[in-house]
Every structure is written in structure tokens, then in C-alpha cells.
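Source file: target_33.txt. Holds: compact mmCIF, C-alpha atoms and all ligand atoms.
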```
# COMPACT_ATOMS: atom_id res chain seq x y z
CA MET Q 1 3.64 19.03 49.01
CA ALA Q 2 6.25 21.33 47.47
CA PRO Q 3 5.38 22.73 44.03
CA GLN Q 4 8.34 20.94 42.45
CA ASP Q 5 6.81 17.62 43.57
CA LEU Q 6 3.88 18.25 41.27
CA VAL Q 7 6.14 18.42 38.24
CA PRO Q 8 7.05 14.99 36.92
CA HIS Q 9 10.78 14.40 36.57
CA ASP Q 10 12.05 12.14 33.82
CA ASN Q 11 12.27 9.30 36.29
CA ASP Q 12 8.70 9.78 37.43
CA PHE Q 13 7.15 8.94 34.08
CA ARG Q 14 4.96 5.96 34.85
CA VAL Q 15 5.15 4.63 31.35
CA PRO Q 16 5.67 1.08 30.19
CA SER Q 17 9.25 0.35 29.22
CA ALA Q 18 8.31 0.13 25.53
CA SER Q 19 6.87 3.66 25.54
CA ARG Q 20 9.87 4.91 27.44
CA ARG Q 21 12.11 3.45 24.76
CA SER Q 22 10.17 5.24 22.03
CA PHE Q 23 10.37 8.49 23.95
CA LEU Q 24 14.11 8.21 24.40
CA SER Q 25 14.75 7.32 20.79
CA LEU Q 26 12.40 9.92 19.35
CA ALA Q 27 15.18 12.21 18.19
CA ALA Q 28 16.95 9.42 16.32
CA GLY Q 29 13.79 8.23 14.61
CA ALA Q 30 12.05 11.51 13.89
CA SER Q 31 13.59 12.24 10.51
CA ALA Q 32 13.15 8.66 9.36
CA ALA Q 33 9.51 8.67 10.49
CA LEU Q 34 8.82 11.58 8.19
CA ALA Q 35 10.47 9.94 5.22
CA PHE Q 36 7.58 7.78 4.06
CA ARG Q 37 3.88 7.20 4.21
CA ILE Q 38 2.12 4.06 5.37
CA VAL Q 39 0.58 2.31 2.37
CA THR Q 40 -2.41 0.07 3.07
CA GLU Q 41 -4.59 -2.40 1.19
CA PRO Q 42 -7.46 0.06 0.55
CA MET Q 43 -4.97 2.49 -0.97
CA LEU Q 44 -3.97 -0.24 -3.42
CA ALA Q 45 -7.50 -1.53 -4.03
CA HIS Q 46 -10.56 0.35 -5.20
CA ALA Q 47 -11.95 0.60 -1.70
CA ARG Q 48 -11.13 4.29 -1.39
CA VAL Q 49 -13.10 5.30 -4.46
CA HIS Q 50 -16.00 7.30 -3.08
CA ASN Q 51 -18.44 7.23 -5.94
CA VAL Q 52 -19.05 3.49 -6.13
CA PRO Q 53 -22.81 2.88 -5.91
CA LYS Q 54 -23.97 2.13 -2.36
CA ASP Q 55 -25.47 -1.22 -3.32
CA ALA Q 56 -22.30 -2.44 -5.06
CA ILE Q 57 -20.79 -5.76 -3.96
CA ARG Q 58 -17.30 -4.87 -2.75
CA ILE Q 59 -15.06 -7.89 -2.83
CA ASP Q 60 -11.85 -6.13 -3.75
CA ALA Q 61 -9.99 -5.27 -0.54
CA ASN Q 62 -9.93 -8.43 1.62
CA GLU Q 63 -12.30 -6.90 4.15
CA ASN Q 64 -14.53 -9.00 6.39
CA PRO Q 65 -18.22 -8.32 5.68
CA LEU Q 66 -19.15 -9.67 9.14
CA GLY Q 67 -17.43 -6.80 10.96
CA PRO Q 68 -16.53 -7.03 14.64
CA CYS Q 69 -18.09 -9.84 16.71
CA ALA Q 70 -20.95 -9.00 19.11
CA PRO Q 71 -18.79 -8.81 22.29
CA ALA Q 72 -16.34 -6.52 20.44
CA ARG Q 73 -19.15 -4.20 19.32
CA GLU Q 74 -20.56 -4.08 22.84
CA ALA Q 75 -17.16 -3.37 24.39
CA ALA Q 76 -16.43 -0.62 21.86
CA ALA Q 77 -19.84 1.00 22.33
CA ALA Q 78 -19.57 0.82 26.13
CA ILE Q 79 -16.23 2.64 26.23
CA VAL Q 80 -17.21 5.55 23.99
CA SER Q 81 -18.36 7.62 26.97
CA GLN Q 82 -14.81 7.40 28.36
CA GLY Q 83 -13.40 8.71 25.08
CA GLY Q 84 -12.22 11.90 26.78
CA ARG Q 85 -9.48 9.93 28.55
CA TYR Q 86 -6.25 8.61 27.04
CA SER Q 87 -6.58 5.37 29.02
CA ASP Q 88 -3.26 4.03 27.81
CA TRP Q 89 -3.35 1.16 30.31
CA LEU Q 90 -5.79 -0.48 27.92
CA THR Q 91 -2.83 -0.98 25.57
CA ASP Q 92 -0.92 -2.67 28.39
CA ASP Q 93 -3.91 -4.90 29.10
CA LEU Q 94 -4.05 -6.05 25.49
CA VAL Q 95 -0.27 -6.54 25.35
CA LYS Q 96 -0.44 -8.71 28.47
CA MET Q 97 -3.30 -10.76 27.08
CA LEU Q 98 -1.53 -11.35 23.75
CA ALA Q 99 1.75 -12.19 25.50
CA GLU Q 100 0.03 -14.72 27.75
CA MET Q 101 -1.78 -16.32 24.85
CA GLU Q 102 1.41 -16.67 22.82
CA GLY Q 103 3.78 -17.67 25.63
CA LEU Q 104 5.84 -14.49 25.34
CA LYS Q 105 6.93 -11.75 27.71
CA PRO Q 106 4.99 -8.47 27.43
CA GLU Q 107 8.21 -6.78 26.22
CA GLN Q 108 8.07 -9.03 23.17
CA VAL Q 109 4.72 -7.61 22.04
CA LEU Q 110 3.88 -4.19 20.62
CA VAL Q 111 0.30 -3.19 19.87
CA TYR Q 112 -0.42 -0.82 16.98
CA ALA Q 113 -3.43 0.66 15.24
CA GLY Q 114 -3.31 -2.15 12.65
CA SER Q 115 -0.34 -4.10 11.32
CA SER Q 116 0.56 -1.73 8.47
CA GLU Q 117 2.60 0.49 10.75
CA PRO Q 118 4.91 -2.22 12.16
CA LEU Q 119 5.23 -3.66 8.65
CA HIS Q 120 6.56 -0.35 7.34
CA HIS Q 121 8.69 0.28 10.40
CA THR Q 122 10.35 -3.14 10.12
CA VAL Q 123 11.21 -2.50 6.50
CA ALA Q 124 12.50 0.95 7.39
CA ALA Q 125 14.60 -0.40 10.23
CA PHE Q 126 16.23 -3.28 8.38
CA SER Q 127 16.45 -2.26 4.72
CA SER Q 128 18.67 0.44 3.25
CA PRO Q 129 20.59 1.21 0.06
CA GLN Q 130 22.98 -1.52 1.22
CA ARG Q 131 20.37 -4.04 2.44
CA SER Q 132 17.73 -5.26 -0.02
CA TYR Q 133 14.08 -6.03 0.59
CA VAL Q 134 13.07 -9.48 -0.68
CA THR Q 135 9.46 -10.40 -1.30
CA ALA Q 136 7.36 -12.95 -3.17
CA ASP Q 137 5.72 -12.25 -6.51
CA PRO Q 138 2.78 -12.02 -6.49
CA GLY Q 139 2.83 -10.76 -2.91
CA TYR Q 140 1.45 -8.00 -0.70
CA GLU Q 141 3.14 -4.85 -1.96
CA ALA Q 142 2.95 -2.43 0.97
CA GLY Q 143 6.45 -3.22 2.27
CA MET Q 144 7.89 -2.47 -1.14
CA PHE Q 145 6.86 1.15 -0.83
CA ALA Q 146 8.68 1.48 2.48
CA ALA Q 147 11.74 -0.23 0.99
CA GLN Q 148 11.71 2.17 -1.95
CA ALA Q 149 11.44 5.11 0.43
CA MET Q 150 14.52 3.78 2.25
CA GLY Q 151 16.43 3.60 -1.05
CA ALA Q 152 16.61 -0.20 -0.78
CA LYS Q 153 16.64 -2.53 -3.76
CA VAL Q 154 13.37 -4.48 -4.02
CA VAL Q 155 13.90 -8.08 -5.07
CA LYS Q 156 10.76 -9.93 -6.19
CA VAL Q 157 10.95 -13.71 -6.34
CA PRO Q 158 8.18 -15.71 -8.07
CA LEU Q 159 6.21 -18.18 -5.97
CA THR Q 160 6.95 -21.90 -6.43
CA LYS Q 161 4.75 -24.19 -8.54
CA THR Q 162 2.71 -24.90 -5.41
CA TYR Q 163 2.41 -21.15 -4.77
CA ALA Q 164 4.63 -21.14 -1.68
CA HIS Q 165 7.42 -18.62 -1.10
CA ASP Q 166 10.52 -19.95 -2.84
CA VAL Q 167 12.79 -19.52 0.14
CA LYS Q 168 15.89 -20.96 -1.52
CA ALA Q 169 15.47 -18.63 -4.49
CA MET Q 170 14.84 -15.71 -2.12
CA LEU Q 171 18.13 -16.45 -0.33
CA ALA Q 172 20.01 -16.83 -3.60
CA ALA Q 173 18.54 -13.66 -5.12
CA ALA Q 174 19.76 -11.30 -2.42
CA PRO Q 175 22.86 -12.19 -0.41
CA ASP Q 176 22.75 -8.56 0.81
CA ALA Q 177 19.17 -8.77 2.09
CA GLY Q 178 18.05 -6.82 5.14
CA VAL Q 179 14.42 -8.01 5.14
CA PHE Q 180 12.81 -11.18 3.83
CA TYR Q 181 9.05 -10.63 3.78
CA VAL Q 182 6.97 -13.82 4.02
CA CYS Q 183 3.20 -13.57 4.03
CA SER Q 184 1.47 -16.84 4.87
CA PRO Q 185 -1.29 -17.28 3.85
CA ASN Q 186 -0.07 -15.08 1.04
CA ASN Q 187 -1.94 -12.01 -0.13
CA PRO Q 188 -3.17 -12.33 -2.92
CA THR Q 189 -3.05 -16.11 -3.45
CA GLY Q 190 -4.18 -17.38 -0.02
CA THR Q 191 -1.54 -20.09 -0.31
CA LEU Q 192 0.76 -21.25 2.48
CA THR Q 193 4.50 -21.39 3.02
CA SER Q 194 5.41 -24.22 5.36
CA HIS Q 195 6.87 -23.73 8.80
CA SER Q 196 9.93 -25.75 7.73
CA ASP Q 197 10.54 -23.47 4.74
CA ILE Q 198 10.32 -20.36 6.91
CA GLU Q 199 12.64 -21.99 9.43
CA TYR Q 200 15.10 -22.77 6.62
CA LEU Q 201 15.03 -19.12 5.58
CA VAL Q 202 15.66 -18.01 9.15
CA GLU Q 203 18.57 -20.40 9.61
CA ASN Q 204 20.25 -19.54 6.29
CA LYS Q 205 19.68 -15.81 5.91
CA PRO Q 206 22.54 -13.31 5.92
CA LYS Q 207 23.72 -11.98 9.27
CA GLY Q 208 21.94 -8.84 10.43
CA SER Q 209 18.81 -9.47 8.37
CA VAL Q 210 15.33 -10.30 9.67
CA VAL Q 211 12.50 -12.47 8.42
CA LEU Q 212 9.27 -10.50 8.58
CA VAL Q 213 6.43 -13.02 8.77
CA ASP Q 214 3.02 -11.55 8.08
CA GLU Q 215 0.26 -13.73 9.54
CA ALA Q 216 -2.57 -11.30 8.73
CA TYR Q 217 -4.71 -14.12 7.29
CA ILE Q 218 -3.53 -17.06 9.40
CA HIS Q 219 -6.80 -17.42 11.32
CA PHE Q 220 -8.62 -18.45 8.14
CA SER Q 221 -6.17 -21.27 7.43
CA ASP Q 222 -4.55 -24.43 8.78
CA ALA Q 223 -1.09 -22.86 8.59
CA VAL Q 224 1.30 -23.52 11.45
CA SER Q 225 2.32 -20.21 13.00
CA VAL Q 226 5.99 -19.38 13.42
CA MET Q 227 5.37 -17.84 16.85
CA ASP Q 228 7.62 -20.61 18.19
CA LEU Q 229 10.53 -18.99 16.32
CA VAL Q 230 9.80 -15.74 18.13
CA ARG Q 231 9.68 -17.64 21.43
CA ALA Q 232 13.05 -19.21 20.51
CA GLY Q 233 14.58 -15.73 20.11
CA LYS Q 234 15.22 -15.99 16.36
CA ASP Q 235 15.59 -13.00 14.00
CA VAL Q 236 11.87 -13.06 13.24
CA ILE Q 237 9.34 -10.26 13.46
CA LEU Q 238 5.82 -11.64 13.31
CA LEU Q 239 2.78 -9.50 12.51
CA ARG Q 240 -0.88 -10.16 13.25
CA THR Q 241 -3.91 -7.98 12.66
CA PHE Q 242 -7.50 -7.70 13.85
CA SER Q 243 -8.47 -6.39 10.40
CA LYS Q 244 -9.21 -9.71 8.74
CA LEU Q 245 -10.92 -12.61 10.54
CA TYR Q 246 -11.78 -10.32 13.47
CA GLY Q 247 -13.50 -7.84 11.13
CA MET Q 248 -11.92 -4.73 12.65
CA ALA Q 249 -10.23 -3.11 9.61
CA GLY Q 250 -11.90 0.22 10.34
CA LEU Q 251 -11.42 0.04 14.11
CA ARG Q 252 -7.63 -0.50 13.67
CA CYS Q 253 -5.71 -2.90 15.86
CA GLY Q 254 -2.70 -5.11 15.19
CA ALA Q 255 0.47 -6.32 16.85
CA ALA Q 256 4.13 -7.11 16.30
CA PHE Q 257 5.81 -10.00 18.14
CA ALA Q 258 9.60 -10.26 18.35
CA ARG Q 259 12.68 -10.14 20.53
CA THR Q 260 12.80 -6.95 22.53
CA ASP Q 261 15.94 -5.67 20.80
CA LEU Q 262 14.23 -6.05 17.40
CA LEU Q 263 11.10 -4.25 18.57
CA GLU Q 264 13.25 -1.41 19.87
CA LYS Q 265 14.52 -0.87 16.33
CA LEU Q 266 10.93 -0.59 15.04
CA GLU Q 267 10.12 1.96 17.70
CA ASN Q 268 12.83 4.25 16.32
CA TYR Q 269 10.45 4.97 13.48
CA GLY Q 270 7.92 6.53 15.77
CA GLY Q 271 4.24 5.87 15.75
CA TRP Q 272 1.41 7.03 17.90
CA ASN Q 273 1.63 5.85 21.49
CA PHE Q 274 -2.10 6.03 22.13
CA LYS Q 275 -4.33 3.58 20.33
CA PRO Q 276 -8.07 4.12 19.86
CA ILE Q 277 -9.67 2.79 23.04
CA THR Q 278 -12.59 1.41 21.04
CA ALA Q 279 -10.16 -0.79 19.10
CA LEU Q 280 -8.29 -1.92 22.21
CA VAL Q 281 -11.36 -3.09 24.08
CA ALA Q 282 -12.87 -4.62 20.94
CA ALA Q 283 -9.65 -6.58 20.35
CA SER Q 284 -9.55 -7.80 23.96
CA ALA Q 285 -13.22 -8.83 23.80
CA SER Q 286 -12.60 -10.68 20.53
CA LEU Q 287 -9.70 -12.64 22.03
CA LYS Q 288 -11.90 -13.69 24.95
CA ASP Q 289 -14.51 -15.08 22.56
CA ALA Q 290 -13.18 -18.64 22.25
CA GLN Q 291 -15.59 -19.61 19.47
CA LEU Q 292 -14.86 -16.65 17.22
CA VAL Q 293 -11.87 -17.99 15.27
CA PRO Q 294 -13.27 -21.51 14.63
CA GLU Q 295 -16.71 -20.13 13.75
CA ARG Q 296 -15.49 -17.52 11.30
CA LYS Q 297 -12.89 -19.82 9.84
CA HIS Q 298 -15.69 -22.29 9.16
CA ILE Q 299 -18.00 -19.65 7.64
CA ASN Q 300 -15.25 -18.39 5.31
CA ALA Q 301 -14.16 -21.92 4.32
CA THR Q 302 -17.75 -22.98 3.59
CA ILE Q 303 -18.49 -20.01 1.34
CA ARG Q 304 -15.09 -20.28 -0.33
CA SER Q 305 -15.53 -23.97 -1.13
CA GLN Q 306 -19.05 -23.32 -2.49
CA VAL Q 307 -17.54 -20.73 -4.83
CA PHE Q 308 -14.73 -23.10 -5.82
CA ASP Q 309 -17.27 -25.89 -6.52
CA TRP Q 310 -19.22 -23.51 -8.72
CA LEU Q 311 -16.07 -22.39 -10.55
CA ASP Q 312 -15.08 -26.06 -11.07
CA ARG Q 313 -18.53 -27.00 -12.39
CA ASN Q 314 -18.37 -24.13 -14.86
CA GLY Q 315 -14.79 -24.73 -15.96
CA TYR Q 316 -13.24 -21.53 -14.60
CA SER Q 317 -9.64 -21.63 -13.35
CA TYR Q 318 -8.52 -20.32 -10.00
CA ILE Q 319 -5.79 -20.96 -7.48
CA PRO Q 320 -7.04 -22.91 -4.47
CA SER Q 321 -6.70 -20.78 -1.36
CA GLN Q 322 -6.85 -21.17 2.41
CA SER Q 323 -7.75 -17.56 3.04
CA ASN Q 324 -10.48 -15.00 2.45
CA CYS Q 325 -9.18 -14.25 -1.05
CA PHE Q 326 -8.13 -16.14 -4.13
CA MET Q 327 -6.78 -15.54 -7.62
CA LEU Q 328 -9.12 -16.12 -10.54
CA ASP Q 329 -8.07 -16.47 -14.18
CA THR Q 330 -9.99 -14.13 -16.45
CA LYS Q 331 -8.34 -15.60 -19.61
CA ARG Q 332 -7.78 -12.08 -20.93
CA PRO Q 333 -6.04 -8.95 -19.66
CA ALA Q 334 -7.71 -8.94 -16.25
CA LYS Q 335 -8.60 -5.26 -16.37
CA ALA Q 336 -11.29 -5.96 -18.97
CA ALA Q 337 -12.97 -8.48 -16.66
CA ILE Q 338 -12.68 -6.15 -13.64
CA ASP Q 339 -14.37 -3.34 -15.59
CA ALA Q 340 -17.09 -5.65 -16.93
CA MET Q 341 -17.80 -6.85 -13.37
CA ALA Q 342 -17.94 -3.25 -12.16
CA LYS Q 343 -20.64 -2.56 -14.76
CA GLN Q 344 -22.69 -5.14 -12.92
CA ASN Q 345 -22.00 -3.49 -9.58
CA VAL Q 346 -19.53 -6.14 -8.44
CA ILE Q 347 -16.19 -4.59 -7.52
CA ILE Q 348 -13.30 -7.04 -7.77
CA GLY Q 349 -9.53 -6.69 -8.15
CA ARG Q 350 -6.56 -6.22 -7.99
CA ILE Q 351 -4.05 -7.31 -10.64
CA TRP Q 352 -0.44 -8.31 -10.11
CA PRO Q 353 1.68 -7.65 -13.23
CA ILE Q 354 3.39 -11.06 -13.02
CA TRP Q 355 0.02 -12.77 -13.64
CA PRO Q 356 -1.72 -10.32 -15.98
CA THR Q 357 -4.78 -12.49 -16.68
CA TYR Q 358 -5.55 -13.12 -13.00
CA THR Q 359 -7.48 -10.94 -10.58
CA ARG Q 360 -7.97 -11.24 -6.84
CA ILE Q 361 -11.41 -11.97 -5.42
CA THR Q 362 -12.25 -11.48 -1.75
CA VAL Q 363 -14.63 -14.01 -0.21
CA GLY Q 364 -17.75 -12.07 0.80
CA THR Q 365 -21.03 -13.28 2.27
CA GLY Q 366 -22.98 -16.15 0.66
CA PRO Q 367 -25.46 -13.80 -1.11
CA GLU Q 368 -22.59 -11.55 -2.25
CA MET Q 369 -20.80 -14.51 -3.78
CA GLU Q 370 -23.99 -15.59 -5.56
CA GLN Q 371 -24.13 -12.15 -7.16
CA PHE Q 372 -20.46 -12.47 -7.99
CA GLN Q 373 -21.11 -15.81 -9.71
CA ALA Q 374 -24.04 -14.48 -11.75
CA ALA Q 375 -21.99 -11.50 -12.89
CA TRP Q 376 -18.92 -13.63 -13.60
CA GLN Q 377 -20.94 -15.98 -15.81
CA LYS Q 378 -22.09 -12.99 -17.88
CA VAL Q 379 -18.57 -11.64 -18.22
CA MET Q 380 -17.07 -14.98 -19.20
CA THR Q 381 -19.81 -15.79 -21.71
CA GLY Q 382 -19.42 -12.34 -23.26
CA ALA Q 383 -22.91 -11.15 -22.26
CA VAL Q 384 -21.31 -8.15 -20.54
CA THR Q 385 -18.09 -6.58 -21.71
CA ALA Q 386 -16.11 -3.62 -20.50
CA SER Q 387 -17.20 -1.46 -23.42
CA VAL Q 388 -20.99 -1.80 -22.96
CA GLY Q 389 -22.88 0.83 -20.95
CA ALA Q 390 -21.46 2.63 -17.96
CA VAL Q 391 -21.99 2.71 -14.24
CA PRO Q 392 -21.75 6.27 -12.94
CA GLY Q 393 -18.52 6.78 -11.08
CA LEU Q 394 -16.89 3.54 -12.00
CA GLY Q 395 -15.28 5.16 -15.01
CA GLU Q 396 -13.24 6.89 -12.33
CA LEU Q 397 -11.68 3.74 -10.95
CA PRO Q 398 -7.96 4.26 -10.54
CA ARG Q 399 -5.93 3.69 -13.64
CA LYS Q 400 -2.23 4.26 -13.32
CA ARG Q 401 -1.99 6.57 -10.35
CA ASN Q 402 -4.75 6.53 -7.79
CA ARG Q 403 -5.74 9.39 -5.52
CA ASP Q 404 -3.00 8.43 -3.10
CA GLY Q 405 -0.53 8.99 -5.90
CA ILE Q 406 0.29 5.29 -5.92
CA THR Q 407 0.92 3.72 -9.27
CA ILE Q 408 -1.14 0.54 -9.46
CA GLU Q 409 -2.14 -1.88 -12.13
CA THR Q 410 -5.89 -1.99 -12.65
C1 LIG Z 501 -0.83 -9.21 4.05
C2 LIG Z 501 -1.29 -8.00 4.75
N1 LIG Z 501 -0.56 -7.51 5.75
C3 LIG Z 501 -0.91 -6.43 6.42
C4 LIG Z 501 -2.05 -5.76 6.09
C5 LIG Z 501 -2.35 -4.52 6.86
O1 LIG Z 501 -3.59 -4.50 7.41
P1 LIG Z 501 -3.95 -3.61 8.69
O2 LIG Z 501 -3.08 -2.41 8.73
O3 LIG Z 501 -5.37 -3.29 8.49
O4 LIG Z 501 -3.68 -4.49 9.87
C6 LIG Z 501 -2.86 -6.21 5.04
C7 LIG Z 501 -4.08 -5.51 4.64
O5 LIG Z 501 -4.82 -5.93 3.80
C8 LIG Z 501 -2.46 -7.37 4.35
O6 LIG Z 501 -3.16 -7.86 3.34
```

Translate this structure into C-alpha cells?
Ligand SMILES: Cc1ncc(COP(=O)(O)O)c(C=O)c1O
Amino acid sequence: MAPQDLVPHDNDFRVPSASRRSFLSLAAGASAALAFRIVTEPMLAHARVHNVPKDAIRIDANENPLGPCAPAREAAAAIVSQGGRYSDWLTDDLVKMLAEMEGLKPEQVLVYAGSSEPLHHTVAAFSSPQRSYVTADPGYEAGMFAAQAMGAKVVKVPLTKTYAHDVKAMLAAAPDAGVFYVCSPNNPTGTLTSHSDIEYLVENKPKGSVVLVDEAYIHFSDAVSVMDLVRAGKDVILLRTFSKLYGMAGLRCGAAFARTDLLEKLENYGGWNFKPITALVAASASLKDAQLVPERKHINATIRSQVFDWLDRNGYSYIPSQSNCFMLDTKRPAKAAIDAMAKQNVIIGRIWPIWPTYTRITVGTGPEMEQFQAAWQKVMTGAVTASVGAVPGLGELPRKRNRDGITIET
């Protein structure tokens, strides 16, 4: 073999077409990729505060206390010894599996280390000073930060009376929109937006815009997915994550589903081609576990309805949810209730300025929610207030700007 045969030529790269596209478009996307940071739920919640007592109940960041399922843990543990290899074919394996499950071509699926990255990249690709970013209020805020970084106008549209996205108002509010962000079930309310409403948005949106549908929490709910709109080749980018029902927030795996030409635009914003192999095999093992989604959906729904029954019996108001979180009315500026709960070692939150007396509660385990209830009773009956005593460290909970430099309401 001649020495030159050992050197790969451009054409010899045995890379999947998606990776090849990213490689080729690297120059175009490089400056944009540097323009913003990826903002995630723990950066917005208290979850990144280090000095919270170890025995605290943490129901503030929509994490899954069950963690990865047993087959996922086994698969992740078994592959650690191969951690010296890039093993990028594992990404292709997961892409193929997801594509088969969803009736798509592999080119219509991109796997990421979580769904935050494709969320930000979609916003970056389709919003600009000329093309607004439209989102629900209250809604998941991460995309707003990317829109702001792109110089785009952020248009927040209140939810309807039934806590769905008000798609007609969203269309009317921004005829110049580049991205309509729809999260169903919504973070923080856990409420659904119907398939027909999302379809209406897709059919009536301005030319050149996309509907970014975030199905991070769909596995907990009875919502009808809009994957059929992706299959039909509509201007829809759909996100899923393994961070929620699958309990893999720390392992990091998620995916974007869309027409190939839309995914190509996301890839202009870069990203890391290699995913953690532990996450890839854990995700594949989770998908093969046919009982996992129904079992965990049932566990979450059972605990959630027990909490709702208790809240009803005690006269506390909340917004009924189909997810692993819900909004609870504190009947006062919610920060006081959050601080009073923290004094009892129960970390809740966050607050959305549009509903200043409400705070979000994540559904934890049964025992965790019993502790939540006991603490909540004390806060609401005035037995514990924010000004009594102090828990070491919790005085440091983020106020206006947290340690990521993000301004949040607490
Ligand atoms: C609605 C929604 N989308 C996306 C994400 C991103 O999660 P991850 O990057 O862990 O997939 C979150 C995290 O909480 C979320 O709540």
C-alpha cells in the first residue's frame, strides 16, 4: 500500500451524511455557535446551588427521582470499559432505532446530548432581528435566551383559559415570526395544546417560519404527538429528551426530528459530533424496554393524583397537570412560600412573573411528596414563615442573577 493510501482524502471520510453536512458547514456556523450559551432547566432552577443540605427534598427542576431504568444502567455500566473509543456508530444505531420507531428516515433524526442544544440551535437558525421568537407565557424560557442572543424580538403570549397555547393569538402577535415555540405538555403548567391547534399554527404561520414543538414531557401525558406532521414534511421541528420520564438528565441524550433541510440548518450552529457512549447505550436500552413508558407514566400519575387529592381536601389551589410538574398557588408573592419551604428542607420553585403568586412543583417520589405536603401545610397555616430561622446555605439561593449570570425570578 502506498503511503498516500493511508491518508484519508475528503471523499474517504466514512461519516454519516449528517456529520458530513456539519463538517462542510462548520465555517458558516462557527461564529454563530460562539454567540450564545445553552441555557438549561437547572441553570434556571435552584438545582445548581451546591450548598443545599444533602437530605433536602429537591422538587424544583423537573428531574426524575427514579433515574435510568435497570437495563439502561446495566448498558451504561457495561460500556464504560470501552470508554477509550469514540464509537460513533452507537449514535447511528440510536438514530436508526428512533427513525424506525417513528416511521421516519434516519436523515430526519439527529441525536444530541439532551434536547437543549437543538432547542437553542433551532431558535438561532430561524430567529433574527427581522424574525421574532414567539412563546407561551408562562412557558419554558430557555429558547428566549437564544432568541435574545440572536437579536430577535421575544413575543410572549399568555396561555388560554384552559392553559393551552393560544395559537391564534400567537399568530396575530407576530406576523414576522421566525419561530413559534410550543411545549406540550407545557413547562411549567403540565397542560396540553391539542394536535389540531398545533396543526392550525403550522398551516397559518408566516412563510419561512418553523413551529418548534417540544415534547420533553409527552411520555407522562395522553397528548397526541405531532410526529405525523414531521412525517408529512411540514415546517415542524420536534424535540424529545431522555431527561424526563427516562430519568437520564445527567447522562444527557435527546433528539430532534424534522425534514432533512431543516435539520441541516440546525447543524450550522455546530455541536459536538460525539455523544457520551454511556448515554447512547442507555437510551437504546430504555427504548427496548416496552414497559418503561407505561409503568413510569402510571407511577407519576398515581403520585400526582394523590397530591392533587390532598391539595383538594385541604383547599389549596393548583392547576391540574398531565406531567411531572404543576403550578401551585401560594396566595402571596410566591418567593415567601419558596423560602419558607426551603427552611423545612423542601426545595421548590420556580416563579413565572406573569403568575406571581404561583410556584412550580415537581412530582417526586411518594415519600418526598408526603414531606412536601407536611411542609406545605405549615407554610400555609403560618407555622413556618420565610423570616423564621435559617437553613445554612439556603440564604444563598439565587435572587436576581444566579451563578450563571442569568436573571431569574425567585
Ligand atoms: C420543556 C423543556 N424542554 C427542553 C428541556 C431540556 O432538557 P434536556 O437538555 O435535559 O433534554 C427541558 C429541561 O427541563 C424542558 O423543561

| task | Would you kindly identify which residues have an atom no farther than 9 Å from (-9.2, -20.3, -0.9), using only C-alpha atoms and the file's own coordinates, and write them out as an MDAnalysis selection string? | result | chainID Q and resid 189:191 221 300:301 304:305 308 319:327 363

| said: Would you pick out the contacts of segment 66-73 of chain Q at 12 Å or less, using only C-alpha atoms, so that residues sharing its chain but fewer than 4 positions from it are not included, and give the list as a ChimeraX atom specification? | reply: /Q:62,77-80,242-253,277-293,295-297,299-300,363-366

| task | All residues within 9 Å of ligand LIG 501 (chain Z) are required, counting all atoms listed in the file; please report them as a PyMOL selection string. | result | chain Q and resi 38-42+61-63+112-119+139-143+183-188+214-217+239-244+248-255

| field | Selection: 12 Å around Leu110 of chain Q, only C-alpha atoms, excl. self and same-chain fewer than 5 positions, as a ChimeraX atom specification | value | /Q:16-19,21-22,91-99,104-105,115,117-118,237-241,253-260,262-267,271-275

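Counting from atom CA of Thr135 of chain Q, the distance to atom CA of Asp329 of chain Q is 22.6 Å.
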
| query | Got a sec: who's within 7 Å of Phe126 of chain Q, counting all atoms listed in the file, leaving out chain neighbours fewer than 4 positions off, as a list in words? | reply | Thr122, Gly178, Val179 and Ser209 of chain Q

Please dump the current selection as a JSON list (two decimals), in the frame of the given file; keep C-alpha atoms.
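Contents of selection_2.json, freshly written:
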```json
[["chain", "number", "residue", "atom", "x", "y", "z"],
["Q", 122, "THR", "CA", 10.35, -3.14, 10.12],
["Q", 178, "GLY", "CA", 18.05, -6.82, 5.14],
["Q", 179, "VAL", "CA", 14.42, -8.01, 5.14],
["Q", 209, "SER", "CA", 18.81, -9.47, 8.37]]
```

| field | Sel. within 12 Å of pt (-10.2, -6.4, -19.1), counting only C-alpha atoms, output as a PyMOL selection string | value | chain Q and resi 329-343+348-351+356-359+379-380+382+384-387+409-410

| said: Counting all atoms listed in the file, which residue out of Q:Trp352, Q:Tyr86, Q:Phe372, Q:Tyr133 sits closest to Pro276 of chain Q? | reply: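 Among the listed residues, Q:Tyr86 lies closest to Pro276 of chain Q.
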
| task | Report the distance between atom CA of Asp197 of chain Q and atom CA of Thr162 of chain Q in Å, rounded to one decimal place. | result |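 It comes out at 12.9 Å.
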
| said: To one decimal place in Å, what is the distance between atom CA of Asp60 of chain Q and atom CA of Ile361 of chain Q? | reply: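 Taking atom CA of Asp60 of chain Q and atom CA of Ile361 of chain Q, their separation equals 6.1 Å.
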
Once you add 8 Å to each side, what are the centre and edge lengths of the axis-aligned box holding all listed atoms of segment 194-204 of chain Q? One decimal in Å, as lines of an AutoDock Vina configuration file, if you can.
```
center_x = 12.8
center_y = -21.9
center_z = 7.2
size_x = 30.8
size_y = 23.7
size_z = 20.9
```

| query | Looking at Q:Ala232, Q:Ile347, Q:Leu192, Q:Ile57, which one is nearest to Ile218 of chain Q, with distances taken over all atoms listed in the file? | reply |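 Result for the nearest residue to Ile218 of chain Q: Q:Leu192.
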
| field | Distance criterion (all atoms listed in the file): nearest to Val157 of chain Q out of Q:Met227, Q:Leu311, Q:Ala136, Q:Ala172 | value | Q:Ala136

| Distance criterion (only C-alpha atoms): nearest to Gly103 of chain Q out of Q:Asp88, Q:Glu203, Q:Asp137, Q:Asp228 |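 So, comparing all the options, the nearest one is Q:Asp228.
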
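When only C-alpha atoms are used to compute distances to Glu107 of chain Q, the closest of the residues Q:Phe180, Q:Asp261, Q:Gly84, Q:Asn345 turns out to be Q:Asp261.
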